[in-house]
Every structure is written in structure tokens, then in C-alpha cells.
Amino acid sequence: MKRKRQLCIGLSLTATWMKGMSWRQGSEGGQPPYTVAFYAELARMAEKAKLDFVFKPDSLVLHIDAQGRSPGFGSLDPTIMLASIARETERIGLVTTMSTTFNPPYVAARQLQSLHWASNGRAGWNIVTSLDGADNFAASPMPPAEERYRKANEFTDVVRKLWGSYPYEALEESQVADQEADKALLVPINHAGEFFTVKGPLNVPAHPSGQIPLFQAGASDAGRNFAAMTADAIFAASPDMAAGIELRQDLQRRAAAYGRQPDAIRVLPGMYFFLARTREEAQEMYREAHAHFSAARRYASIQAILGIDLSSLPLDQRVTAELLPDAQQPVRSRTHADLLRRFVLTRQPAVEELLSRPEVVGSAHWVVVGTPEDALRDVASWFEAGAMDGLIALPGGSIQSLHLFCSELVPMLVERGLFRSEYTGNTLREHMGIE
């Protein structure tokens with residue numbers, strides 16, 4: 001009998017509630033956000049709520065100009081941090097982030113398989129191509145997106161081959177002293193491609209729980225093709241339900257075209273939520289979190305995303321297709337540019353409305369402001385409409401949002417039959433229902 005479809009829920013291990021003035025006031029809970037103890041406490045909270053996984057975003061650059069407003073992506077190395085958290089938890093999945101643009105695939109394959117063993121089958125890999133950071137590795141500028149995704153495809157292929165080059169069966173054979181059988185299972189990959197030359201085999205055996213689940217972040221055309229070919233889940237930027245439905249349906253079509261099951265890719269939008277006991281309190285938290293976004297910064301954000309200066313236009317003027325520049329012009333994030341462009345083409349918003357869009361003041365994530373009951377209605381409607389397979393929890397305003405998410409919203413989802421009440425497995429693959 002086919003199991004009833006339920007949500008897949010992960011928690012981002014980033015202090016997303018520390019923005020604006022709250023970042024300057026320091027962390028809540030007594031631990032600074034650069035200690036393992038800080039993140040381990042969040043992971044234990046997520047595990048108590050039976051979430052599928054925690055994951056840590058990462059960037060290989062420090063944005064100095066943002067340090068006064070938020071912790072940004074500056075943090076401990078995520079794989080080392082999650083290996084430590086593996087000892088503090090028992091069943092929750094641990095998804096690390098590694099860039100295919102700057103890392104060697106042999107090292108990545110080894111570190112990921114090591115995390116898999118350290119966590120007893122709970123590791124996951126968030127594959128990113130990176131938006132910046134080239135000047136920390138070479139004098140060359142960032143490669144164009146198409147090149148980065150070609151490299152990501154080859155990188156992922158090499159990592160998978162390396163994982164297969166030392167199968168768990170070889171470890172079992174060596175334990176019964178059948179050296180010839182052991183050697184026959186250890187096969188060099190002898191990869192020679194456009195970007196990498198790797199002999200192998202890997203020097204860490206595969207974990208018996210199976211291959212590490214693959215996550216991908218990025219919904220540009222190249223990103224969607226990469227996810228359709230490779231990913232078990234995609235961390236989606238979906239500012240509204242329509243964007244979520246379009247992305248999920250498109251990924252299902254692309255997956256089928258690559259010979260995969262249409263529902264093989266779990267679409268997991270980030271849900272940036274401000275939860276409180278009353279709607280008024282939640283609205284105030286949201287206002288305070290974005291008070292540092294001046295009008296000048298919002299106009300500059302639109303110009304950076306779309307390449308259009310709207311500062312001289314009246315707030316009530318509609319932004320139409322005629323005002324948009326060439327869609328193929330270079331941009332920092334093709335995902336954000338495509339999302340905001342699509343919104344303009346379908347809605348023709350007023351300038352004032354565009355200045356408040358999530359793509360402009362945040363990271364293009366779905367925003368929920370209200371009580372846990374309000375969030376329940378939003379989550380249920382998105383899930384039932386086919387806009388997502390689950391979500392990534394991004395608490396905003398205060399750590400109170402996360403406490404309410406775990407202690408009140410998740411039990412409501414369980415009561416509605418939309419989420420599990422207990423873990424039914426021990427590995428990340430089992431949590432996510434990956435065959």
C-alpha cells in the first residue's frame with residue numbers, strides 16, 4: 001500500500017532571526033553563534049520535533065558590508081560542525097554544503113562519506129556552484145553560470161563514482177580475509193574530463209545505509225536541469241504559491257525527460273516565518289527585522305537584481321514588461337532575477353509593491369507572518385496545491401518563532417496528518433522516503 005504523502009521538513013542552521021538591530025543585541029539562549037554548542041542546541045530542538053534534517057548553508061567569502069546587519073554566511077566549516085553535532089544527536093539528518101566550483105572532488109567525496117560514517121547514515125550534501133568567492137582561490141573572476149553548472153555536473157559524477165569505487169561489500173570481504181574478492185571490488189575510476197582528472201578509488205568505504213542524499217539550491221534554467229538530472233531535493237526560492245507550483249511542475253517534466261520518476265525530486269521552499277501569540281506581535285517583529293532596509297537600499301536591490309533604476313518613478317506607477325531590460329544580461333543570481341522578472345510580467349506591480357517583495361528585502365523566500373494557526377493554514381494550502389513537498393524552516397524576528405514552530409506548528413501538522421509523529425527510520429534516506 002502506498003504511503004500517504006507527508007511533508008519533508010528541514011531546519012536551516014543559521015540564525016536567520018538575527019537581522020537588523022537583533023543581530024547587534026547578540027544571540028538569544030546564551031551561546032554565541034560561532035560555537036558548536038549554539039548549533040547543537042538548535043539541532044536537538046529540531047530532532048525533538050522529529051524534523052527530517054538540519055542543514056547549514058555556506059559561502060566561501062565574508063561580506064564585510066553586511067556584518068553590522070546580520071551574521072550572514074560567516075560560520076564554522078559546515079561539515080566539521082555537523083560531524084560534531086552528529087555526536088549530540090541520534091536520528092536527525094545532517095546536510096552539509098560544499099561548493100563544486102572551488103573544492104576538489106576527491107576531498108569532497110572523502111569528507112562527505114566520513115560524515116556519513118560519523119552520523120551512521122544521516123549525511124546529506126547540498127550541492128552549490130557558488131555565487132562569489134573566486135578572489136579567495138585565484139586571480140580569475142567567477143566563471144559564468146553555464147560553466148559553473150557544467151563543472152558541477154562533472155564534479156557530482158566524479159564524487160558518485162568515487163563513492164562506488166570502494167563499496168561496503170569490499171569492507172565486508174576484507175573482514176572475512178578474502179583478499180582477492182576484496183581487491184576485485186576496489187576499482188579505480190580513471191576519470192578524465194573537462195575539469196577534473198581523478199584516478200581513485202576512494203580511501204573511505206561506502207556506508208551500508210546507501211548513497212548520501214543530494215540536495216541542490218538554485219532554480220535558474222541551468223539549475224533546474226541539474227536538479228532534474230541529479231538531486232533528491234531542491235532548496236527552492238519560491239516567494240509565492242504560483243512560483244512554487246510552476247517550479248514543481250517544471251521539475252517533474254524535466255525529471256521525466258531524463259528518465260527519472262517525476263516525483264523523485266522533493267521541492268523544499270524556504271519558509272521565512274515570524275510567529276507569535278498574536279498577529280500584531282508577529283507584524284511588529286517583521287517590521288523591526290526589515291526596518292534597516294531603507295528606500296535607497298530597496299531601489300538598489302531592484303537595480304542589482306533586474307538591472308533597472310526605478311528611483312525616479314512615482315510609487316503608484318505600474319512596472320511593465322516594457323521597462324525591463326534584456327533578460328539575458330549578466331546578473332549575480334539568475335534565480336532571483338527570473339523570479340522577480342516573472343512577477344513583473346504576470347502582475348505588473350506598482351513600484352511601491354515591488355519595493356516590498358521578498359526578492360528585494362530578503363532572499364526570495366516565502367514569508368509567513370502571524371500565529372502558528374495562520375502558518376498551519378499557509379503550509380496546508382501550499383502542500384495541497386502542489387506548490388511544495390516540504391519546506392526549510394527559516395525562523396525570523398526572534399528565536400521565539402522557532403520555539404513556536406517546533407512546539408506548536410509541528411504538532412498541528414501531525415494532527416492534520418501532514419507530518420510524522422515519530423521517526424520510523426534511522427537514516428536520512430529513510431526519513432525522506434528515498435528508495
# chains A, B, ... in the order shown; residues from 1 in each chain; ligands from 1
>>> closest_atom_pairs(of="range 44-95 of chain A", to="range 112-121 of chain A", cutoff="9 Å", atoms="only C-alpha atoms", output="Markdown table")
| residue | atom | partner | partner_atom | distance |
| --- | --- | --- | --- | --- |
| A:Thr79 | CA | A:Leu115 | CA | 7.2 |
| A:Ile80 | CA | A:Leu115 | CA | 8.4 |
| A:Leu82 | CA | A:Leu115 | CA | 7.7 |
| A:Ala83 | CA | A:Leu115 | CA | 5.8 |
| A:Ser84 | CA | A:Ala118 | CA | 8.7 |
| A:Ile85 | CA | A:Ser119 | CA | 8.7 |
| A:Ala86 | CA | A:Ser119 | CA | 5.0 |
| A:Arg87 | CA | A:Ser119 | CA | 7.4 |
| A:Thr89 | CA | A:Ser119 | CA | 8.6 |
| A:Glu90 | CA | A:Ser119 | CA | 7.9 |
| A:Arg91 | CA | A:Ser119 | CA | 8.5 |
| A:Gly93 | CA | A:Gly121 | CA | 8.3 |
| A:Leu94 | CA | A:Ser119 | CA | 7.9 |
>>> write_last_selection(atoms="N, CA, C and O atoms", output="PDB file, in the first residue's frame")
ATOM      1  N   THR A  79      30.799  21.082   7.420  1.00  0.00           N
ATOM      2  CA  THR A  79      30.995  19.636   7.529  1.00  0.00           C
ATOM      3  C   THR A  79      31.635  19.275   8.864  1.00  0.00           C
ATOM      4  O   THR A  79      31.229  18.296   9.513  1.00  0.00           O
ATOM      5  N   ILE A  80      32.613  20.057   9.285  1.00  0.00           N
ATOM      6  CA  ILE A  80      33.232  19.820  10.596  1.00  0.00           C
ATOM      7  C   ILE A  80      32.205  20.048  11.698  1.00  0.00           C
ATOM      8  O   ILE A  80      32.108  19.264  12.659  1.00  0.00           O
ATOM      9  N   LEU A  82      28.906  19.792  11.549  1.00  0.00           N
ATOM     10  CA  LEU A  82      27.885  18.742  11.568  1.00  0.00           C
ATOM     11  C   LEU A  82      28.453  17.418  12.065  1.00  0.00           C
ATOM     12  O   LEU A  82      27.723  16.624  12.681  1.00  0.00           O
ATOM     13  N   ALA A  83      29.734  17.156  11.836  1.00  0.00           N
ATOM     14  CA  ALA A  83      30.350  15.954  12.395  1.00  0.00           C
ATOM     15  C   ALA A  83      30.329  16.012  13.919  1.00  0.00           C
ATOM     16  O   ALA A  83      30.127  14.989  14.592  1.00  0.00           O
ATOM     17  N   SER A  84      30.524  17.209  14.455  1.00  0.00           N
ATOM     18  CA  SER A  84      30.440  17.376  15.906  1.00  0.00           C
ATOM     19  C   SER A  84      29.004  17.207  16.393  1.00  0.00           C
ATOM     20  O   SER A  84      28.751  16.555  17.407  1.00  0.00           O
ATOM     21  N   ILE A  85      28.052  17.779  15.644  1.00  0.00           N
ATOM     22  CA  ILE A  85      26.637  17.673  16.021  1.00  0.00           C
ATOM     23  C   ILE A  85      26.160  16.229  15.928  1.00  0.00           C
ATOM     24  O   ILE A  85      25.227  15.820  16.643  1.00  0.00           O
ATOM     25  N   ALA A  86      26.785  15.422  15.074  1.00  0.00           N
ATOM     26  CA  ALA A  86      26.407  14.008  14.969  1.00  0.00           C
ATOM     27  C   ALA A  86      26.521  13.312  16.318  1.00  0.00           C
ATOM     28  O   ALA A  86      25.748  12.397  16.621  1.00  0.00           O
ATOM     29  N   ARG A  87      27.462  13.731  17.148  1.00  0.00           N
ATOM     30  CA  ARG A  87      27.640  13.126  18.473  1.00  0.00           C
ATOM     31  C   ARG A  87      26.618  13.633  19.473  1.00  0.00           C
ATOM     32  O   ARG A  87      26.431  13.036  20.537  1.00  0.00           O
ATOM     33  N   THR A  89      23.376  14.242  18.620  1.00  0.00           N
ATOM     34  CA  THR A  89      22.044  13.847  18.155  1.00  0.00           C
ATOM     35  C   THR A  89      22.065  12.360  17.802  1.00  0.00           C
ATOM     36  O   THR A  89      23.132  11.737  17.750  1.00  0.00           O
ATOM     37  N   GLU A  90      20.870  11.810  17.536  1.00  0.00           N
ATOM     38  CA  GLU A  90      20.785  10.378  17.275  1.00  0.00           C
ATOM     39  C   GLU A  90      20.173  10.031  15.928  1.00  0.00           C
ATOM     40  O   GLU A  90      20.593   9.079  15.279  1.00  0.00           O
ATOM     41  N   ARG A  91      19.164  10.811  15.466  1.00  0.00           N
ATOM     42  CA  ARG A  91      18.422  10.358  14.295  1.00  0.00           C
ATOM     43  C   ARG A  91      18.215  11.424  13.229  1.00  0.00           C
ATOM     44  O   ARG A  91      17.962  11.104  12.075  1.00  0.00           O
ATOM     45  N   GLY A  93      18.698  14.024  10.245  1.00  0.00           N
ATOM     46  CA  GLY A  93      19.632  14.128   9.143  1.00  0.00           C
ATOM     47  C   GLY A  93      20.519  15.357   9.264  1.00  0.00           C
ATOM     48  O   GLY A  93      20.122  16.365   9.870  1.00  0.00           O
ATOM     49  N   LEU A  94      21.717  15.282   8.682  1.00  0.00           N
ATOM     50  CA  LEU A  94      22.721  16.349   8.776  1.00  0.00           C
ATOM     51  C   LEU A  94      23.203  16.684   7.369  1.00  0.00           C
ATOM     52  O   LEU A  94      24.008  15.957   6.790  1.00  0.00           O
TER      53      LEU A  94
END
>>> select_by_dssp(residues="range 76-276 of chain A", states="strand (DSSP E)", output="PyMOL selection string")
chain A and resi 93-99+123-128+191-192+197-198+214-217+233-236+266-275
>>> write_last_selection(atoms="C-alpha atoms", output="JSON list (two decimals), in the first residue's frame")
[["chain", "number", "residue", "atom", "x", "y", "z"],
["A", 93, "GLY", "CA", 19.63, 14.13, 9.14],
["A", 94, "LEU", "CA", 22.72, 16.35, 8.78],
["A", 95, "VAL", "CA", 23.00, 18.15, 5.43],
["A", 96, "THR", "CA", 26.25, 19.97, 4.75],
["A", 97, "THR", "CA", 27.08, 22.41, 1.94],
["A", 98, "MET", "CA", 30.03, 22.03, -0.41],
["A", 99, "SER", "CA", 30.87, 24.10, -3.47],
["A", 123, "ALA", "CA", 24.60, 12.74, 5.98],
["A", 124, "GLY", "CA", 23.29, 14.80, 3.07],
["A", 125, "TRP", "CA", 25.07, 17.03, 0.55],
["A", 126, "ASN", "CA", 23.77, 20.44, -0.51],
["A", 127, "ILE", "CA", 25.48, 20.98, -3.88],
["A", 128, "VAL", "CA", 26.20, 24.63, -4.68],
["A", 191, "HIS", "CA", 38.14, 9.82, -14.70],
["A", 192, "ALA", "CA", 39.48, 12.35, -17.22],
["A", 197, "THR", "CA", 41.33, 14.11, -13.68],
["A", 198, "VAL", "CA", 40.89, 11.64, -10.82],
["A", 214, "LEU", "CA", 21.79, 15.01, -2.81],
["A", 215, "PHE", "CA", 20.29, 18.47, -2.41],
["A", 216, "GLN", "CA", 20.61, 21.38, -4.80],
["A", 217, "ALA", "CA", 19.95, 25.10, -4.42],
["A", 233, "ALA", "CA", 15.62, 17.52, -3.26],
["A", 234, "ILE", "CA", 15.89, 21.17, -4.24],
["A", 235, "PHE", "CA", 16.05, 24.08, -1.81],
["A", 236, "ALA", "CA", 13.70, 26.40, -3.65],
["A", 266, "ARG", "CA", 11.37, 16.94, -3.42],
["A", 267, "VAL", "CA", 10.73, 20.68, -3.78],
["A", 268, "LEU", "CA", 11.52, 22.38, -0.47],
["A", 269, "PRO", "CA", 10.97, 26.15, -0.45],
["A", 270, "GLY", "CA", 12.43, 28.22, 2.34],
["A", 271, "MET", "CA", 9.69, 29.43, 4.69],
["A", 272, "TYR", "CA", 10.82, 32.63, 6.42],
["A", 273, "PHE", "CA", 8.37, 32.90, 9.31],
["A", 274, "PHE", "CA", 7.61, 35.35, 12.08],
["A", 275, "LEU", "CA", 5.44, 33.50, 14.60]]
>>> closest_residue(among="A:Ala139, A:Gln328, A:Ala255, A:Leu313", to="Ser220 in chain A", atoms="only C-alpha atoms")
A:Gln328
>>> atom_distance(atom1="CA of Phe405 in chain A", atom2="CA of Arg277 in chain A")
11.5 Å
>>> select_by_dssp(residues="range 174-278 of chain A", states="helix (DSSP H, G or I)", output="MDAnalysis selection string")
chainID A and resid 174:175 179:185 221:230 241:257 262:264
>>> write_last_selection(atoms="N, CA and C atoms", output="compact mmCIF listing (two decimals), in the first residue's frame")
# COMPACT_ATOMS: atom_id res chain seq x y z
N SER A 174 36.89 -7.99 3.22
CA SER A 174 38.18 -7.91 3.88
C SER A 174 38.11 -8.43 5.32
N GLN A 175 36.92 -8.33 5.92
CA GLN A 175 36.76 -8.80 7.29
C GLN A 175 36.76 -10.33 7.38
N GLN A 179 41.00 -11.76 0.50
CA GLN A 179 41.71 -10.62 -0.05
C GLN A 179 41.48 -10.44 -1.54
N GLU A 180 41.39 -11.56 -2.29
CA GLU A 180 41.20 -11.45 -3.73
C GLU A 180 39.84 -10.84 -4.06
N ALA A 181 38.79 -11.30 -3.34
CA ALA A 181 37.46 -10.72 -3.56
C ALA A 181 37.44 -9.26 -3.16
N ASP A 182 38.17 -8.97 -2.09
CA ASP A 182 38.25 -7.58 -1.61
C ASP A 182 38.86 -6.69 -2.70
N LYS A 183 39.98 -7.12 -3.26
CA LYS A 183 40.66 -6.31 -4.28
C LYS A 183 39.81 -6.16 -5.54
N ALA A 184 39.06 -7.19 -5.88
CA ALA A 184 38.26 -7.14 -7.10
C ALA A 184 37.16 -6.09 -7.02
N LEU A 185 36.73 -5.79 -5.79
CA LEU A 185 35.66 -4.81 -5.62
C LEU A 185 36.18 -3.37 -5.58
N ASP A 221 17.45 28.18 -15.16
CA ASP A 221 17.25 27.10 -16.13
C ASP A 221 18.34 26.05 -16.00
N ALA A 222 19.59 26.49 -15.86
CA ALA A 222 20.69 25.54 -15.69
C ALA A 222 20.56 24.79 -14.37
N GLY A 223 20.14 25.49 -13.31
CA GLY A 223 19.95 24.86 -12.02
C GLY A 223 18.84 23.82 -12.04
N ARG A 224 17.76 24.12 -12.75
CA ARG A 224 16.65 23.17 -12.84
C ARG A 224 17.07 21.91 -13.60
N ASN A 225 17.81 22.08 -14.66
CA ASN A 225 18.29 20.90 -15.40
C ASN A 225 19.21 20.05 -14.53
N PHE A 226 20.07 20.71 -13.79
CA PHE A 226 20.98 19.98 -12.90
C PHE A 226 20.20 19.21 -11.85
N ALA A 227 19.21 19.87 -11.23
CA ALA A 227 18.39 19.20 -10.21
C ALA A 227 17.62 18.04 -10.82
N ALA A 228 17.06 18.24 -12.02
CA ALA A 228 16.26 17.19 -12.66
C ALA A 228 17.10 15.95 -12.94
N MET A 229 18.37 16.13 -13.26
CA MET A 229 19.26 15.01 -13.54
C MET A 229 19.78 14.34 -12.28
N THR A 230 19.97 15.13 -11.21
CA THR A 230 20.83 14.68 -10.12
C THR A 230 20.19 14.65 -8.74
N MET A 241 2.91 31.14 -3.89
CA MET A 241 2.44 29.81 -4.24
C MET A 241 2.54 29.54 -5.73
N ALA A 242 2.23 30.55 -6.55
CA ALA A 242 2.29 30.37 -8.00
C ALA A 242 3.70 29.99 -8.45
N ALA A 243 4.72 30.64 -7.86
CA ALA A 243 6.10 30.32 -8.21
C ALA A 243 6.44 28.90 -7.80
N GLY A 244 5.92 28.46 -6.64
CA GLY A 244 6.17 27.10 -6.18
C GLY A 244 5.54 26.06 -7.09
N ILE A 245 4.30 26.30 -7.50
CA ILE A 245 3.61 25.36 -8.39
C ILE A 245 4.34 25.26 -9.72
N GLU A 246 4.73 26.41 -10.27
CA GLU A 246 5.43 26.42 -11.56
C GLU A 246 6.74 25.65 -11.46
N LEU A 247 7.51 25.88 -10.39
CA LEU A 247 8.80 25.21 -10.24
C LEU A 247 8.60 23.70 -10.10
N ARG A 248 7.67 23.28 -9.27
CA ARG A 248 7.49 21.85 -9.02
C ARG A 248 7.02 21.12 -10.29
N GLN A 249 6.08 21.72 -11.00
CA GLN A 249 5.60 21.08 -12.23
C GLN A 249 6.69 21.03 -13.29
N ASP A 250 7.49 22.10 -13.38
CA ASP A 250 8.57 22.13 -14.36
C ASP A 250 9.62 21.08 -14.03
N LEU A 251 9.97 20.93 -12.76
CA LEU A 251 10.96 19.93 -12.37
C LEU A 251 10.45 18.52 -12.63
N GLN A 252 9.15 18.29 -12.44
CA GLN A 252 8.59 16.97 -12.72
C GLN A 252 8.71 16.65 -14.21
N ARG A 253 8.44 17.64 -15.06
CA ARG A 253 8.57 17.42 -16.51
C ARG A 253 10.03 17.13 -16.88
N ARG A 254 10.95 17.90 -16.32
CA ARG A 254 12.36 17.72 -16.65
C ARG A 254 12.87 16.38 -16.13
N ALA A 255 12.45 15.99 -14.93
CA ALA A 255 12.89 14.70 -14.38
C ALA A 255 12.44 13.56 -15.28
N ALA A 256 11.18 13.62 -15.73
CA ALA A 256 10.67 12.58 -16.63
C ALA A 256 11.46 12.54 -17.92
N ALA A 257 11.84 13.70 -18.43
CA ALA A 257 12.61 13.76 -19.68
C ALA A 257 13.99 13.11 -19.51
N PRO A 262 8.80 11.36 -12.03
CA PRO A 262 8.50 12.80 -11.91
C PRO A 262 8.56 13.32 -10.48
N ASP A 263 8.20 12.48 -9.50
CA ASP A 263 8.19 12.94 -8.11
C ASP A 263 9.47 12.58 -7.37
N ALA A 264 10.54 12.27 -8.12
CA ALA A 264 11.80 11.89 -7.48
C ALA A 264 12.47 13.07 -6.79
>>> atom_distance(atom1="CA of Asp52 in chain A", atom2="CA of Leu391 in chain A")
10.3 Å
>>> residues_around(residues="Ser421 in chain A", least_positions_apart="6", cutoff="12 Å", atoms="only C-alpha atoms", output="PyMOL selection string")
chain A and resi 6-7+47-52+410-415
>>> residues_around(residues="range 163-167 of chain A", least_positions_apart="6", cutoff="10 Å", atoms="only C-alpha atoms", output="ChimeraX atom specification")
/A:106,109-110,112-113,157,182-183,185-189,200-208,210-212
>>> closest_residue(among="A:Val361, A:Leu315, A:Ala291, A:Ile92", to="Thr427 in chain A", atoms="only C-alpha atoms")
A:Ile92
>>> closest_residue(among="A:Leu171, A:Ala337, A:Ala327, A:Val351", to="Asp309 in chain A", atoms="only C-alpha atoms")
A:Val351
>>> closest_residue(among="A:Leu376, A:Ile265, A:Met18, A:Val319", to="Gly397 in chain A", atoms="only C-alpha atoms")
A:Met18
>>> closest_residue(among="A:Ala295, A:Leu345, A:Ala138, A:Ala364", to="Gly218 in chain A", atoms="only C-alpha atoms")
A:Ala364
>>> closest_residue(among="A:Pro395, A:Gly417, A:Gly133, A:Gly370", to="Glu280 in chain A", atoms="only C-alpha atoms")
A:Gly370
